[in-house]
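Student: Okay, so here is start00.txt, and as you'll see once you scroll down, it has compact mmCIF, N, CA and C atoms.
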```txt
# COMPACT_ATOMS: atom_id res chain seq x y z
N MET A 1 90.00 105.27 78.37
CA MET A 1 90.63 106.40 79.02
C MET A 1 90.87 106.06 80.49
N PRO A 2 92.04 106.32 81.05
CA PRO A 2 92.31 105.98 82.45
C PRO A 2 91.50 106.86 83.39
N PRO A 3 91.21 106.36 84.58
CA PRO A 3 90.43 107.16 85.53
C PRO A 3 91.21 108.37 85.99
N ARG A 4 90.49 109.43 86.26
CA ARG A 4 91.12 110.65 86.76
C ARG A 4 90.93 110.71 88.26
N TYR A 5 91.96 111.18 88.94
CA TYR A 5 91.90 111.26 90.39
C TYR A 5 91.89 112.68 90.89
N ALA A 6 91.95 113.65 89.98
CA ALA A 6 91.86 115.06 90.34
C ALA A 6 91.08 115.74 89.23
N TYR A 7 89.88 116.26 89.54
CA TYR A 7 89.03 116.84 88.51
C TYR A 7 87.99 117.76 89.15
N TRP A 8 87.37 118.58 88.31
CA TRP A 8 86.24 119.40 88.71
C TRP A 8 85.00 118.56 88.60
N THR A 9 84.07 118.70 89.55
CA THR A 9 82.82 117.97 89.50
C THR A 9 81.69 118.88 89.96
N ILE A 10 80.48 118.54 89.56
CA ILE A 10 79.30 119.32 89.96
C ILE A 10 78.64 118.59 91.11
N LEU A 11 78.35 119.33 92.19
CA LEU A 11 77.65 118.77 93.35
C LEU A 11 76.22 119.29 93.36
N VAL A 12 75.28 118.38 93.59
CA VAL A 12 73.87 118.74 93.69
C VAL A 12 73.36 118.16 94.99
N GLY A 13 72.86 119.00 95.87
CA GLY A 13 72.33 118.53 97.15
C GLY A 13 73.40 117.90 98.02
N GLY A 14 74.65 118.33 97.88
CA GLY A 14 75.74 117.79 98.68
C GLY A 14 76.35 116.52 98.13
N GLY A 15 75.79 115.96 97.06
CA GLY A 15 76.32 114.74 96.47
C GLY A 15 76.89 114.99 95.10
N PRO A 16 77.90 114.23 94.69
CA PRO A 16 78.51 114.43 93.38
C PRO A 16 77.63 113.89 92.26
N THR A 17 77.81 114.44 91.09
CA THR A 17 77.14 113.95 89.89
C THR A 17 78.19 113.28 89.00
N SER A 18 77.75 112.81 87.86
CA SER A 18 78.70 112.16 86.95
C SER A 18 79.39 113.16 86.04
N PHE A 19 79.09 114.44 86.18
CA PHE A 19 79.73 115.45 85.36
C PHE A 19 81.09 115.79 85.94
N ARG A 20 82.15 115.54 85.17
CA ARG A 20 83.50 115.86 85.62
C ARG A 20 84.33 116.30 84.43
N ALA A 21 85.32 117.13 84.75
CA ALA A 21 86.23 117.61 83.71
C ALA A 21 87.50 118.12 84.35
N ARG A 22 88.56 118.13 83.57
CA ARG A 22 89.85 118.62 84.07
C ARG A 22 89.83 120.15 84.19
N GLU A 23 89.15 120.81 83.26
CA GLU A 23 89.04 122.28 83.29
C GLU A 23 87.63 122.67 83.70
N SER A 24 87.51 123.68 84.55
CA SER A 24 86.19 124.11 85.04
C SER A 24 85.36 124.75 83.93
N ASP A 25 86.01 125.34 82.92
CA ASP A 25 85.28 126.00 81.83
C ASP A 25 84.40 125.02 81.05
N GLU A 26 84.82 123.76 81.00
CA GLU A 26 84.05 122.75 80.28
C GLU A 26 82.72 122.45 80.97
N LEU A 27 82.65 122.65 82.28
CA LEU A 27 81.44 122.30 83.03
C LEU A 27 80.50 123.48 83.26
N LEU A 28 80.93 124.70 82.99
CA LEU A 28 80.10 125.87 83.29
C LEU A 28 78.74 125.86 82.59
N PRO A 29 78.63 125.53 81.29
CA PRO A 29 77.29 125.49 80.68
C PRO A 29 76.38 124.46 81.35
N THR A 30 76.92 123.30 81.67
CA THR A 30 76.13 122.25 82.33
C THR A 30 75.72 122.71 83.72
N LEU A 31 76.63 123.35 84.44
CA LEU A 31 76.33 123.86 85.78
C LEU A 31 75.17 124.86 85.74
N ARG A 32 75.18 125.76 84.76
CA ARG A 32 74.12 126.76 84.65
C ARG A 32 72.76 126.08 84.41
N GLN A 33 72.74 125.06 83.57
CA GLN A 33 71.48 124.35 83.32
C GLN A 33 70.98 123.64 84.58
N ILE A 34 71.88 123.01 85.30
CA ILE A 34 71.49 122.30 86.52
C ILE A 34 71.01 123.28 87.59
N GLN A 35 71.64 124.46 87.64
CA GLN A 35 71.26 125.45 88.66
C GLN A 35 69.86 125.99 88.43
N ARG A 36 69.30 125.87 87.23
CA ARG A 36 67.92 126.30 87.00
C ARG A 36 66.94 125.49 87.86
N ARG A 37 67.19 124.19 87.94
CA ARG A 37 66.30 123.32 88.74
C ARG A 37 66.79 123.14 90.17
N HIS A 38 68.12 123.17 90.35
CA HIS A 38 68.71 122.96 91.68
C HIS A 38 69.61 124.15 92.01
N PRO A 39 69.08 125.17 92.67
CA PRO A 39 69.88 126.36 92.97
C PRO A 39 71.10 126.08 93.86
N ASP A 40 71.08 124.98 94.60
CA ASP A 40 72.20 124.68 95.49
C ASP A 40 73.37 123.97 94.78
N ALA A 41 73.26 123.76 93.48
CA ALA A 41 74.33 123.09 92.72
C ALA A 41 75.59 123.96 92.71
N SER A 42 76.74 123.29 92.85
CA SER A 42 78.00 124.03 92.87
C SER A 42 79.09 123.24 92.16
N LEU A 43 80.15 123.95 91.80
CA LEU A 43 81.28 123.35 91.13
C LEU A 43 82.41 123.23 92.13
N CYS A 44 82.92 122.01 92.34
CA CYS A 44 83.97 121.76 93.34
C CYS A 44 85.08 120.92 92.74
N TRP A 45 86.24 120.93 93.40
CA TRP A 45 87.43 120.19 92.97
C TRP A 45 87.52 118.91 93.78
N PHE A 46 87.74 117.77 93.11
CA PHE A 46 87.91 116.49 93.78
C PHE A 46 89.36 116.05 93.62
N GLU A 47 90.00 115.75 94.76
CA GLU A 47 91.38 115.29 94.74
C GLU A 47 91.65 114.51 96.02
N ARG A 48 92.40 113.40 95.91
CA ARG A 48 92.78 112.56 97.04
C ARG A 48 91.58 112.11 97.88
N GLY A 49 90.48 111.80 97.21
CA GLY A 49 89.31 111.27 97.90
C GLY A 49 88.49 112.29 98.66
N ARG A 50 88.77 113.58 98.47
CA ARG A 50 88.02 114.63 99.17
C ARG A 50 87.55 115.70 98.20
N ILE A 51 86.52 116.41 98.60
CA ILE A 51 85.98 117.52 97.83
C ILE A 51 86.57 118.81 98.38
N TRP A 52 87.08 119.67 97.48
CA TRP A 52 87.68 120.94 97.86
C TRP A 52 86.99 122.06 97.10
N PRO A 53 86.98 123.28 97.64
CA PRO A 53 86.38 124.39 96.89
C PRO A 53 87.19 124.76 95.64
N SER A 54 88.51 124.52 95.67
CA SER A 54 89.36 124.85 94.52
C SER A 54 90.63 124.01 94.57
N PRO A 55 91.36 123.93 93.46
CA PRO A 55 92.62 123.19 93.48
C PRO A 55 93.64 123.85 94.41
N GLU A 56 93.57 125.16 94.55
CA GLU A 56 94.49 125.86 95.43
C GLU A 56 94.28 125.45 96.89
N ALA A 57 93.02 125.23 97.29
CA ALA A 57 92.73 124.79 98.66
C ALA A 57 93.30 123.39 98.90
N ALA A 58 93.19 122.53 97.90
CA ALA A 58 93.75 121.18 98.04
C ALA A 58 95.26 121.24 98.14
N LEU A 59 95.87 122.11 97.36
CA LEU A 59 97.32 122.26 97.39
C LEU A 59 97.79 122.82 98.73
N ALA A 60 97.04 123.78 99.27
CA ALA A 60 97.41 124.37 100.56
C ALA A 60 97.29 123.35 101.69
N ALA A 61 96.32 122.46 101.59
CA ALA A 61 96.15 121.43 102.63
C ALA A 61 97.25 120.39 102.55
N ARG A 62 97.83 120.20 101.36
CA ARG A 62 98.89 119.22 101.18
C ARG A 62 100.20 119.69 101.79
N ARG A 63 100.47 120.97 101.72
CA ARG A 63 101.71 121.52 102.27
C ARG A 63 101.60 121.68 103.77
N PRO A 64 102.64 121.39 104.52
CA PRO A 64 102.59 121.62 105.96
C PRO A 64 102.62 123.12 106.25
N ALA A 65 101.94 123.53 107.33
CA ALA A 65 101.86 124.95 107.69
C ALA A 65 103.22 125.48 108.11
N THR A 66 103.97 124.70 108.87
CA THR A 66 105.30 125.12 109.29
C THR A 66 106.31 124.12 108.76
N PRO A 67 107.49 124.57 108.41
CA PRO A 67 108.48 123.61 107.91
C PRO A 67 108.90 122.64 109.01
N ALA A 68 109.10 121.42 108.61
CA ALA A 68 109.47 120.38 109.58
C ALA A 68 110.91 120.61 110.07
N ARG A 69 111.09 120.49 111.37
CA ARG A 69 112.43 120.64 111.94
C ARG A 69 113.19 119.34 111.76
N PRO A 70 114.39 119.42 111.29
CA PRO A 70 115.15 118.17 111.18
C PRO A 70 115.53 117.69 112.58
N THR A 71 115.45 116.39 112.77
CA THR A 71 115.80 115.83 114.08
C THR A 71 117.31 115.78 114.21
N PRO A 72 117.85 116.17 115.36
CA PRO A 72 119.30 116.13 115.52
C PRO A 72 119.79 114.69 115.55
N ARG A 73 120.85 114.41 114.83
CA ARG A 73 121.42 113.06 114.80
C ARG A 73 122.64 113.02 115.70
N ARG A 74 122.72 111.96 116.45
CA ARG A 74 123.89 111.77 117.31
C ARG A 74 125.01 111.12 116.51
N PRO A 75 126.23 111.44 116.81
CA PRO A 75 127.33 110.73 116.15
C PRO A 75 127.28 109.24 116.48
N ALA A 76 127.82 108.42 115.59
CA ALA A 76 127.74 106.96 115.73
C ALA A 76 128.33 106.46 117.04
N GLY A 77 129.35 107.11 117.57
CA GLY A 77 129.99 106.66 118.79
C GLY A 77 129.17 106.93 120.04
N GLU A 78 128.17 107.79 119.98
CA GLU A 78 127.40 108.16 121.15
C GLU A 78 126.11 107.37 121.32
N ARG A 79 125.89 106.40 120.51
CA ARG A 79 124.65 105.64 120.63
C ARG A 79 124.64 104.84 121.91
N GLY A 80 123.48 104.76 122.53
CA GLY A 80 123.36 104.06 123.80
C GLY A 80 123.28 102.56 123.65
N ARG A 81 122.77 102.08 122.52
CA ARG A 81 122.59 100.64 122.34
C ARG A 81 123.17 100.21 121.01
N GLY A 82 123.57 98.97 120.96
CA GLY A 82 124.10 98.41 119.72
C GLY A 82 122.97 98.06 118.76
N ARG A 83 123.31 97.61 117.57
CA ARG A 83 122.30 97.27 116.56
C ARG A 83 121.50 96.03 116.94
N ASP A 84 122.10 95.14 117.72
CA ASP A 84 121.42 93.89 118.05
C ASP A 84 120.64 93.96 119.35
N TRP A 85 120.41 95.16 119.87
CA TRP A 85 119.70 95.30 121.13
C TRP A 85 118.23 95.01 120.94
N ARG A 86 117.68 94.25 121.85
CA ARG A 86 116.24 93.97 121.88
C ARG A 86 115.80 94.04 123.32
N PRO A 87 114.61 94.55 123.57
CA PRO A 87 114.14 94.65 124.95
C PRO A 87 113.90 93.28 125.58
N GLY A 88 114.27 93.15 126.82
CA GLY A 88 114.01 91.93 127.58
C GLY A 88 114.97 90.81 127.30
N GLY A 89 115.49 90.22 128.33
CA GLY A 89 116.27 88.99 128.28
C GLY A 89 117.33 88.91 127.20
N GLU A 90 117.16 87.94 126.30
CA GLU A 90 118.17 87.66 125.30
C GLU A 90 118.15 88.70 124.20
N HIS A 91 119.31 88.94 123.64
CA HIS A 91 119.42 89.96 122.60
C HIS A 91 119.72 89.34 121.24
N ARG A 92 119.05 88.22 120.95
CA ARG A 92 119.21 87.64 119.63
C ARG A 92 117.84 87.32 119.04
N ASP A 93 117.84 87.00 117.81
CA ASP A 93 116.59 86.75 117.08
C ASP A 93 115.91 85.51 117.63
N PRO A 94 114.64 85.64 118.10
CA PRO A 94 113.95 84.48 118.65
C PRO A 94 113.64 83.40 117.60
N LYS A 95 113.59 83.77 116.33
CA LYS A 95 113.29 82.78 115.29
C LYS A 95 114.53 82.05 114.81
N ALA A 96 115.70 82.47 115.26
CA ALA A 96 116.94 81.88 114.78
C ALA A 96 117.03 80.39 115.13
N ARG A 97 116.42 79.95 116.21
CA ARG A 97 116.52 78.54 116.60
C ARG A 97 115.78 77.64 115.63
N PHE A 98 114.85 78.17 114.83
CA PHE A 98 114.11 77.35 113.86
C PHE A 98 114.78 77.32 112.50
N LYS A 99 115.80 78.12 112.30
CA LYS A 99 116.49 78.14 111.02
C LYS A 99 117.45 76.94 110.95
N VAL A 100 117.20 76.08 109.97
CA VAL A 100 117.99 74.86 109.82
C VAL A 100 118.81 75.00 108.54
N PRO A 101 120.09 74.62 108.59
CA PRO A 101 120.92 74.72 107.39
C PRO A 101 120.38 73.86 106.25
N ARG A 102 120.66 74.26 105.04
CA ARG A 102 120.15 73.58 103.85
C ARG A 102 120.57 72.12 103.79
N LYS A 103 121.80 71.86 104.15
CA LYS A 103 122.33 70.49 104.11
C LYS A 103 121.51 69.57 105.01
N VAL A 104 121.19 70.04 106.21
CA VAL A 104 120.43 69.24 107.16
C VAL A 104 119.01 69.03 106.66
N ARG A 105 118.41 70.09 106.09
CA ARG A 105 117.05 69.97 105.56
C ARG A 105 116.98 68.94 104.44
N ARG A 106 117.97 68.96 103.54
CA ARG A 106 117.98 68.02 102.42
C ARG A 106 118.16 66.58 102.92
N LYS A 107 118.97 66.41 103.95
CA LYS A 107 119.19 65.08 104.51
C LYS A 107 117.90 64.54 105.13
N ARG A 108 117.17 65.41 105.85
CA ARG A 108 115.88 65.01 106.44
C ARG A 108 114.88 64.64 105.34
N TYR A 109 114.85 65.45 104.30
CA TYR A 109 113.91 65.22 103.22
C TYR A 109 114.16 63.88 102.55
N THR A 110 115.42 63.57 102.22
CA THR A 110 115.73 62.29 101.58
C THR A 110 115.40 61.13 102.49
N ARG A 111 115.66 61.28 103.77
CA ARG A 111 115.34 60.22 104.71
C ARG A 111 113.83 59.98 104.77
N LEU A 112 113.04 61.06 104.80
CA LEU A 112 111.59 60.92 104.83
C LEU A 112 111.06 60.30 103.54
N GLN A 113 111.65 60.66 102.41
CA GLN A 113 111.21 60.10 101.13
C GLN A 113 111.50 58.60 101.07
N ARG A 114 112.65 58.21 101.60
CA ARG A 114 112.99 56.78 101.61
C ARG A 114 112.03 56.00 102.50
N LEU A 115 111.70 56.56 103.66
CA LEU A 115 110.75 55.89 104.55
C LEU A 115 109.37 55.81 103.91
N LYS A 116 109.02 56.85 103.22
CA LYS A 116 107.71 56.92 102.57
C LYS A 116 107.62 55.87 101.46
N ASN A 117 108.70 55.65 100.74
CA ASN A 117 108.71 54.69 99.64
C ASN A 117 108.98 53.25 100.11
N GLY A 118 109.15 53.06 101.40
CA GLY A 118 109.34 51.71 101.92
C GLY A 118 110.76 51.22 101.94
N LYS A 119 111.72 52.07 101.63
CA LYS A 119 113.13 51.66 101.66
C LYS A 119 113.67 51.86 103.06
N LYS A 120 114.70 51.09 103.38
CA LYS A 120 115.32 51.22 104.70
C LYS A 120 116.16 52.49 104.77
N ASP A 121 116.28 53.02 105.97
CA ASP A 121 117.12 54.19 106.20
C ASP A 121 118.57 53.74 106.23
N GLU A 122 119.41 54.34 105.40
CA GLU A 122 120.80 53.89 105.25
C GLU A 122 121.77 54.85 105.94
N GLU A 123 121.62 55.09 107.19
CA GLU A 123 122.55 55.99 107.88
C GLU A 123 123.50 55.24 108.72
```
Could you write out this structure as structure tokens?

Tutor:
Amino acid sequence: MPPRYAYWTILVGGGPTSFRARESDELLPTLRQIQRRHPDASLCWFERGRIWPSPEAALAARRPATPARPTPRRPAGERGRGRDWRPGGEHRDPKARFKVPRKVRRKRYTRLQRLKNGKKDEE
């Protein structure tokens, strides 16, 4: 059975027990028995790595209190900087100087292989 990430669990002394279920009704008989010895035992909802008093509380915490305001977008012609803008000095990719074309890389590789095998360089 796959692990569950949202379930009811019984807490005893502030710590969780191994009793868990998707529906709270399934745990009520067990909770009553545990409460005989541990009066502080309670039934709580576990979701997203936290303990909640109920699934409704977890759902309320997930929703933002106020709706997010959409950020105003400027028309494309009003942008202050081009796409290739970078802060400081040159406005091009600093790694571009290390990019070598495939043809040149293959030529270097064949030359190194020939030197490695003891053959003369034929350029």

Student: Between atom C of Pro16 (chain A) and atom C of Pro55 (chain A), what is the distance in Å, rounded to a tenth?

Tutor: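 Atom C of Pro16 (chain A) sits 19.0 Å away from atom C of Pro55 (chain A).
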
Student: Could you tell me how far atom C of Leu11 (chain A) sits from CA of Leu59 (chain A), in Å to one decimal place?

Tutor: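 Atom C of Leu11 (chain A) lies at a distance of 21.7 Å from CA of Leu59 (chain A).
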
Student: Using CA of Ser42 (chain A) and CA of Ile10 (chain A) as the two end points, give the distance in Å to one decimal.

Tutor: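 Separation between CA of Ser42 (chain A) and CA of Ile10 (chain A): 5.7 Å.
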
Student: Write out as a PyMOL selection string each polymer residue whose atoms come within 8 Å of Ala21 (chain A), counting all atoms listed in the file; drop sequence neighbours fewer than 5 positions from it.

Tutor: chain A and resi 6-10+26-27

Student: Using only C-alpha atoms, which residue out of A:Ile51, A:Val100, A:Ala61, A:Val12 lies closest to His38 (chain A)?

Tutor: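 Among A:Ile51, A:Val100, A:Ala61, A:Val12, it is A:Val12 that comes nearest to His38 (chain A).
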